[in-house]
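K.L.:
One structure is given below, represented as structure tokens, and several questions about it will come after.
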Amino acid sequence: MVEERELVTALQTEAEKESAFRELVTQYKERLYWQIRNMVLDHDDADDVLQNTFIKIFRNINSFKGESKLHTWMYRIAANESITFLNKKAKRNNVSIDNVKNNAVRKLETDVYFEGDELQLQFQKAIATLPDRQRLIFTMKYFEDHTFEELSEILETSVGGLKSSYHIAVKKITEFIKNQDETL
Amino acid sequence: MEKYKNIPNFKTPENYFEDFEVRLFSKIAEESFPKTAGFKIPKQYFENLDSKILKEVAASERTGKVISLFSRKYFGYASAIAASLVIGFTVFNTKSNTISLDSLQLAAIDTYIEEGNLNLDLYDVTSYIENEDIVNINLDTKYATDNSLKEYLLENIDTETLINEQ
């Protein structure tokens with residue numbers, strides 16, 4: 001695996017940019033894909049957002065100043081692209097963002113690329129009820145196992161704020177699943 | 001409370017004991033959560049992804065070079081002027097009953113922007129604007145009324161994160 005600093009230097013050198021970018025894609029495509037997928041749920045949507053993310057990275061790499069780590073910067077772009085995608089989808093269909101999220105979760109029930117059981121489906125429904133930023137914090141912490149310190153750099157939010165948001169999310173999800181169980 | 005004797009000089013992170021219960025109850029709750037999301041991917045997806053992404057990036061670079069008509073310096077000004085013209089024409093022409101080719105073209109531009117197709121992204125715009133451009137921007141705030149600002153904040157700010165940041 002190429003060291004990040006070397007990779008950045010190569011990415012910002014015209015002669016080496018293309019081969020360095022190939023290396024970047026190989027190293028980070030899976031991690032970025034799953035981060036995005038956990039937000040947009042649908043595989044095809046995740047595929048679109050992932051491509052947009054890499055296009056954005058390629059276009060803006062020369063303005064990357066190294067104030068954060070390269071992977072932190074990339075995760076941030078992926079996070080913003082995911083939320084932008086959902087907002088655009090809502091606007092295009094003239095519905096609310098909540099509507100978009102609820103539809104995405106409903107579609108999971110018949111989605112060939114979802115093999116979850118009933119609990120996993122309820123879990124996704126619960127996560128979909130969270131506000132966007134909280135949902136991002138929860139999915140990045142729970143599924144991708146970032147530390148709060150890493151998340152703080154990626155999302156440019158204090159560790160304390162992230163911890164509060166995360167624990168509130170856990171509480172809301174627990175309540176949601178409990179209420180669903182009681183209804184059944 | 002009795003003072004403890006012979007405590008070794010260990011420290012704990014800030015707010016460790018204050019946060020302990022919250023962290024503990026979260027961990028207990030998480031025990032009942034599924035460990036994975038349940039998502040699948042198509043066969044060979046990641047194996048084929050590299051070439052797909054590289055093709056898309058190359059295509060977007062070609063498209064980008066053809067469409068770019070403005071010099072970097074004036075891109076921000078041009079966007080602001082275009083948006084102002086559209087808003088201005090829309091406001092002044094609302095009572096007109098005659099449909100002209102100009103108003104149709106402007107209506108089409110208006111719709112294009114409203115549908116989010118202009119796609120003015122923060123990263124793209126900031127790469128064109130220099131620091132002196134930001135200092136020299138003259139913002140017309142007469143359309144940003146208190147009510148419209150309140151509405152925007154209510155719809156777009158995650159209040160829990162804001163509260164937790166305090």
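Identifiers for the structure tokens are assigned positionally: chains receive A, B, ... in sequence, residues are indexed from 1 per chain, and ligands are indexed from 1 in the order shown.
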Assign secondary structure with DSSP using the backbone only, and return the residues of segment 4-66 of chain A in alpha helix (DSSP H) as number ranges by chain.
P.N.:
A: 4-11, 17-40, 43-60
K.L.:
The selected residues should be written to file as a compact mmCIF listing (two decimals), in the first residue's frame (atoms: C-alpha atoms).
P.N.:
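File part-v2.txt, as written:
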```
# COMPACT_ATOMS: atom_id res chain seq x y z
CA GLU A 4 -0.62 8.59 1.81
CA ARG A 5 1.86 11.43 1.56
CA GLU A 6 3.54 9.86 -1.47
CA LEU A 7 0.14 9.33 -3.03
CA VAL A 8 -0.82 12.99 -2.57
CA THR A 9 2.46 14.15 -4.13
CA ALA A 10 1.91 11.85 -7.10
CA LEU A 11 -1.74 12.94 -7.46
CA LYS A 17 -1.66 11.85 -11.61
CA GLU A 18 -3.38 9.14 -13.60
CA SER A 19 -1.48 6.17 -12.20
CA ALA A 20 -1.72 7.60 -8.69
CA PHE A 21 -5.46 8.01 -9.12
CA ARG A 22 -5.78 4.37 -10.17
CA GLU A 23 -3.97 3.40 -6.96
CA LEU A 24 -6.29 5.66 -4.96
CA VAL A 25 -9.40 4.07 -6.47
CA THR A 26 -8.07 0.58 -5.75
CA GLN A 27 -7.26 1.44 -2.13
CA TYR A 28 -10.42 3.30 -1.20
CA LYS A 29 -13.30 2.16 -3.45
CA GLU A 30 -14.71 -0.41 -1.00
CA ARG A 31 -14.56 1.73 2.10
CA LEU A 32 -16.17 4.68 0.32
CA TYR A 33 -18.79 2.43 -1.31
CA TRP A 34 -19.99 1.03 2.00
CA GLN A 35 -20.04 4.44 3.66
CA ILE A 36 -22.23 5.72 0.84
CA ARG A 37 -24.39 2.61 0.66
CA ASN A 38 -25.24 2.85 4.34
CA MET A 39 -26.68 6.29 3.63
CA VAL A 40 -28.45 5.82 0.29
CA HIS A 43 -26.86 -0.29 -4.74
CA ASP A 44 -27.35 1.62 -8.02
CA ASP A 45 -27.64 4.92 -6.14
CA ALA A 46 -24.52 4.08 -4.16
CA ASP A 47 -22.73 3.30 -7.42
CA ASP A 48 -23.71 6.71 -8.84
CA VAL A 49 -22.69 8.59 -5.70
CA LEU A 50 -19.39 6.71 -5.52
CA GLN A 51 -18.53 7.71 -9.06
CA ASN A 52 -19.48 11.33 -8.37
CA THR A 53 -17.28 11.19 -5.28
CA PHE A 54 -14.24 10.01 -7.20
CA ILE A 55 -14.87 12.58 -9.96
CA LYS A 56 -14.95 15.28 -7.30
CA ILE A 57 -11.75 13.95 -5.71
CA PHE A 58 -10.00 13.92 -9.07
CA ARG A 59 -11.14 17.44 -9.94
CA ASN A 60 -10.21 18.96 -6.60
```
K.L.:
Would you pick out the contacts of segment 96-101 of chain A at 12 Å or less, using only C-alpha atoms, so that residues sharing its chain but fewer than 5 positions from it are not included, and give the list as a ChimeraX atom specification?
P.N.:
/A:38-42,83-91,106-108,124-132,135 /B:155-156
K.L.:
Produce a file of the selected residues containing N, CA and C atoms, as a PDB file, in the first residue's frame.
P.N.:
```pdb
ATOM      1  N   ASN A  38     -24.552   2.773   3.073  1.00  0.00           N
ATOM      2  CA  ASN A  38     -25.240   2.853   4.345  1.00  0.00           C
ATOM      3  C   ASN A  38     -26.111   4.093   4.447  1.00  0.00           C
ATOM      4  N   MET A  39     -25.842   5.094   3.630  1.00  0.00           N
ATOM      5  CA  MET A  39     -26.679   6.293   3.631  1.00  0.00           C
ATOM      6  C   MET A  39     -27.778   6.221   2.575  1.00  0.00           C
ATOM      7  N   VAL A  40     -27.450   5.762   1.375  1.00  0.00           N
ATOM      8  CA  VAL A  40     -28.448   5.819   0.293  1.00  0.00           C
ATOM      9  C   VAL A  40     -29.206   4.491   0.111  1.00  0.00           C
ATOM     10  N   LEU A  41     -28.726   3.441   0.683  1.00  0.00           N
ATOM     11  CA  LEU A  41     -29.350   2.113   0.758  1.00  0.00           C
ATOM     12  C   LEU A  41     -29.365   1.323  -0.562  1.00  0.00           C
ATOM     13  N   ASP A  42     -29.713   1.967  -1.643  1.00  0.00           N
ATOM     14  CA  ASP A  42     -29.831   1.277  -2.923  1.00  0.00           C
ATOM     15  C   ASP A  42     -28.463   1.126  -3.590  1.00  0.00           C
ATOM     16  N   ILE A  83     -25.450  13.038   1.051  1.00  0.00           N
ATOM     17  CA  ILE A  83     -26.548  13.888   1.492  1.00  0.00           C
ATOM     18  C   ILE A  83     -27.057  14.751   0.330  1.00  0.00           C
ATOM     19  N   THR A  84     -26.151  15.264  -0.485  1.00  0.00           N
ATOM     20  CA  THR A  84     -26.555  16.047  -1.667  1.00  0.00           C
ATOM     21  C   THR A  84     -27.429  15.200  -2.593  1.00  0.00           C
ATOM     22  N   PHE A  85     -27.042  13.951  -2.773  1.00  0.00           N
ATOM     23  CA  PHE A  85     -27.801  13.042  -3.645  1.00  0.00           C
ATOM     24  C   PHE A  85     -29.239  12.889  -3.151  1.00  0.00           C
ATOM     25  N   LEU A  86     -29.377  12.667  -1.848  1.00  0.00           N
ATOM     26  CA  LEU A  86     -30.713  12.467  -1.285  1.00  0.00           C
ATOM     27  C   LEU A  86     -31.548  13.744  -1.406  1.00  0.00           C
ATOM     28  N   ASN A  87     -30.921  14.891  -1.165  1.00  0.00           N
ATOM     29  CA  ASN A  87     -31.643  16.164  -1.285  1.00  0.00           C
ATOM     30  C   ASN A  87     -32.091  16.418  -2.720  1.00  0.00           C
ATOM     31  N   LYS A  88     -31.195  16.097  -3.663  1.00  0.00           N
ATOM     32  CA  LYS A  88     -31.533  16.313  -5.086  1.00  0.00           C
ATOM     33  C   LYS A  88     -32.673  15.394  -5.506  1.00  0.00           C
ATOM     34  N   LYS A  89     -32.637  14.166  -4.993  1.00  0.00           N
ATOM     35  CA  LYS A  89     -33.674  13.194  -5.341  1.00  0.00           C
ATOM     36  C   LYS A  89     -35.035  13.694  -4.837  1.00  0.00           C
ATOM     37  N   ALA A  90     -35.026  14.259  -3.638  1.00  0.00           N
ATOM     38  CA  ALA A  90     -36.259  14.787  -3.063  1.00  0.00           C
ATOM     39  C   ALA A  90     -36.787  15.938  -3.926  1.00  0.00           C
ATOM     40  N   LYS A  91     -35.867  16.831  -4.320  1.00  0.00           N
ATOM     41  CA  LYS A  91     -36.257  18.008  -5.102  1.00  0.00           C
ATOM     42  C   LYS A  91     -36.781  17.578  -6.483  1.00  0.00           C
ATOM     43  N   ARG A 106     -38.505   1.164   2.193  1.00  0.00           N
ATOM     44  CA  ARG A 106     -39.598   0.271   1.735  1.00  0.00           C
ATOM     45  C   ARG A 106     -39.128  -0.606   0.588  1.00  0.00           C
ATOM     46  N   LYS A 107     -38.333  -0.031  -0.292  1.00  0.00           N
ATOM     47  CA  LYS A 107     -37.842  -0.782  -1.461  1.00  0.00           C
ATOM     48  C   LYS A 107     -36.923  -1.943  -1.061  1.00  0.00           C
ATOM     49  N   LEU A 108     -36.323  -1.837   0.119  1.00  0.00           N
ATOM     50  CA  LEU A 108     -35.410  -2.900   0.572  1.00  0.00           C
ATOM     51  C   LEU A 108     -36.122  -4.247   0.660  1.00  0.00           C
ATOM     52  N   GLN A 124     -32.926  -0.882   9.692  1.00  0.00           N
ATOM     53  CA  GLN A 124     -32.799   0.126   8.637  1.00  0.00           C
ATOM     54  C   GLN A 124     -33.949   1.131   8.715  1.00  0.00           C
ATOM     55  N   LYS A 125     -35.138   0.655   9.030  1.00  0.00           N
ATOM     56  CA  LYS A 125     -36.286   1.571   9.161  1.00  0.00           C
ATOM     57  C   LYS A 125     -36.044   2.544  10.303  1.00  0.00           C
ATOM     58  N   ALA A 126     -35.486   2.021  11.380  1.00  0.00           N
ATOM     59  CA  ALA A 126     -35.202   2.870  12.538  1.00  0.00           C
ATOM     60  C   ALA A 126     -34.152   3.918  12.194  1.00  0.00           C
ATOM     61  N   ILE A 127     -33.093   3.485  11.510  1.00  0.00           N
ATOM     62  CA  ILE A 127     -32.011   4.407  11.141  1.00  0.00           C
ATOM     63  C   ILE A 127     -32.550   5.500  10.212  1.00  0.00           C
ATOM     64  N   ALA A 128     -33.500   5.125   9.344  1.00  0.00           N
ATOM     65  CA  ALA A 128     -34.054   6.088   8.381  1.00  0.00           C
ATOM     66  C   ALA A 128     -34.841   7.211   9.071  1.00  0.00           C
ATOM     67  N   THR A 129     -35.263   6.992  10.300  1.00  0.00           N
ATOM     68  CA  THR A 129     -36.026   8.037  11.000  1.00  0.00           C
ATOM     69  C   THR A 129     -35.116   9.123  11.572  1.00  0.00           C
ATOM     70  N   LEU A 130     -33.804   8.866  11.600  1.00  0.00           N
ATOM     71  CA  LEU A 130     -32.874   9.850  12.178  1.00  0.00           C
ATOM     72  C   LEU A 130     -32.666  11.028  11.231  1.00  0.00           C
ATOM     73  N   PRO A 131     -32.419  12.233  11.766  1.00  0.00           N
ATOM     74  CA  PRO A 131     -32.054  13.361  10.895  1.00  0.00           C
ATOM     75  C   PRO A 131     -30.764  13.000  10.142  1.00  0.00           C
ATOM     76  N   ASP A 132     -30.578  13.584   8.949  1.00  0.00           N
ATOM     77  CA  ASP A 132     -29.473  13.183   8.065  1.00  0.00           C
ATOM     78  C   ASP A 132     -28.109  13.135   8.737  1.00  0.00           C
ATOM     79  N   ARG A 135     -27.852  10.423  11.226  1.00  0.00           N
ATOM     80  CA  ARG A 135     -27.813   9.130  10.542  1.00  0.00           C
ATOM     81  C   ARG A 135     -26.407   8.857  10.024  1.00  0.00           C
TER      82      ARG A 135
ATOM     83  N   GLU B 155     -35.765  23.762   8.229  1.00  0.00           N
ATOM     84  CA  GLU B 155     -35.771  22.588   7.346  1.00  0.00           C
ATOM     85  C   GLU B 155     -34.404  21.959   7.174  1.00  0.00           C
ATOM     86  N   ASN B 156     -33.354  22.723   7.393  1.00  0.00           N
ATOM     87  CA  ASN B 156     -32.038  22.227   7.006  1.00  0.00           C
ATOM     88  C   ASN B 156     -31.034  22.039   8.139  1.00  0.00           C
TER      89      ASN B 156
END
```
K.L.:
Which is closest to chain B among A:Ser82, A:Ser63, A:Thr110, A:Ser152, if we use only C-alpha atoms?
P.N.:
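Residue with the minimum atom-to-atom distance to chain B: A:Ser63.
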K.L.:
Kindly give the distance, in Å, that separates atom CA of Glu156 of chain A and atom CA of Arg76 of chain A, rounded to a single decimal.
P.N.:
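Between atom CA of Glu156 of chain A and atom CA of Arg76 of chain A the gap works out to 8.9 Å.
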K.L.:
For chain B, which residue out of A:Ile154, A:Leu70, A:Met140, A:Leu121 is the nearest one, using only C-alpha atoms?
P.N.:
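Looking only at the distances to chain B, the closest residue turns out to be A:Leu121.
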K.L.:
Excluding Tyr142 of chain A and residues on its chain fewer than 2 positions from it, collect all residues at most 10 Å away from it, counting only C-alpha atoms, and give them as an NGL selection string.
P.N.:
(:A and (136-140 or 144-147 or 166 or 170)) or (:B and (30 or 33 or 35-36))
K.L.:
Store the residues of this selection in a file with C-alpha atoms, as a CSV table (one decimal), in the first residue's frame.
P.N.:
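Result file part_13.csv:
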```
chain,number,residue,atom,x,y,z
A,136,LEU,CA,-24.4,9.8,9.0
A,137,ILE,CA,-22.7,9.9,12.4
A,138,PHE,CA,-24.5,6.7,13.5
A,139,THR,CA,-23.8,4.7,10.3
A,140,MET,CA,-20.2,5.8,10.1
A,144,GLU,CA,-17.7,1.4,9.6
A,145,ASP,CA,-16.2,1.5,13.1
A,146,HIS,CA,-14.6,4.9,12.9
A,147,THR,CA,-13.5,6.3,16.3
A,166,TYR,CA,-24.5,8.9,18.5
A,170,VAL,CA,-28.8,4.5,19.7
B,30,GLU,CA,-26.1,-2.2,20.8
B,33,PHE,CA,-28.6,-4.5,17.1
B,35,LYS,CA,-24.0,-6.6,13.4
B,36,THR,CA,-24.4,-6.0,9.7
```
K.L.:
Let me make sure I understand: among A:Val105, A:Glu118, A:Arg92, A:Lys141, which one has the smallest atom-to-atom distance to chain B if we use only C-alpha atoms?
P.N.:
A:Arg92
K.L.:
Compile the contact shell of Asp181 of chain A as a compact mmCIF listing (two decimals) with C-alpha atoms, in the first residue's frame: residues with an atom at most 12 Å away, counting only C-alpha atoms, same-chain residues fewer than 4 positions apart removed.
P.N.:
```txt
# COMPACT_ATOMS: atom_id res chain seq x y z
CA GLU A 118 -36.69 -8.94 9.71
CA LEU A 119 -34.53 -7.44 12.45
CA GLN A 122 -36.45 -2.94 11.22
CA PHE A 123 -32.98 -1.66 12.01
CA THR A 174 -33.84 1.10 20.45
CA GLU A 175 -37.18 2.82 21.09
CA PHE A 176 -38.26 2.41 17.47
CA ILE A 177 -37.50 -1.31 17.40
```
K.L.:
As an exercise, work out the distance from atom CA of Gln120 of chain A to atom CA of Ser164 of chain A in Å and give it to one decimal place.
P.N.:
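Between these atoms lies a distance of 23.9 Å.
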K.L.:
Nearest to chain B among A:Gly161, A:Lys172, A:Thr183, A:Glu81, with distances taken over only C-alpha atoms: which residue is it?
P.N.:
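For chain B, the nearest of the given residues is A:Gly161.
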K.L.:
Atom CA of Phe148 of chain A and atom CA of Leu162 of chain A are how many Å apart?
P.N.:
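One can read the atom CA of Phe148 of chain A to atom CA of Leu162 of chain A distance as 6.8 Å.
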K.L.:
List the neighbours of Leu155 of chain A out to 9 Å using only C-alpha atoms; skip same-chain residues closer than 4 positions along the sequence, and give me the result as a PyMOL selection string.
P.N.:
chain A and resi 72+75-76+79+137+150-151
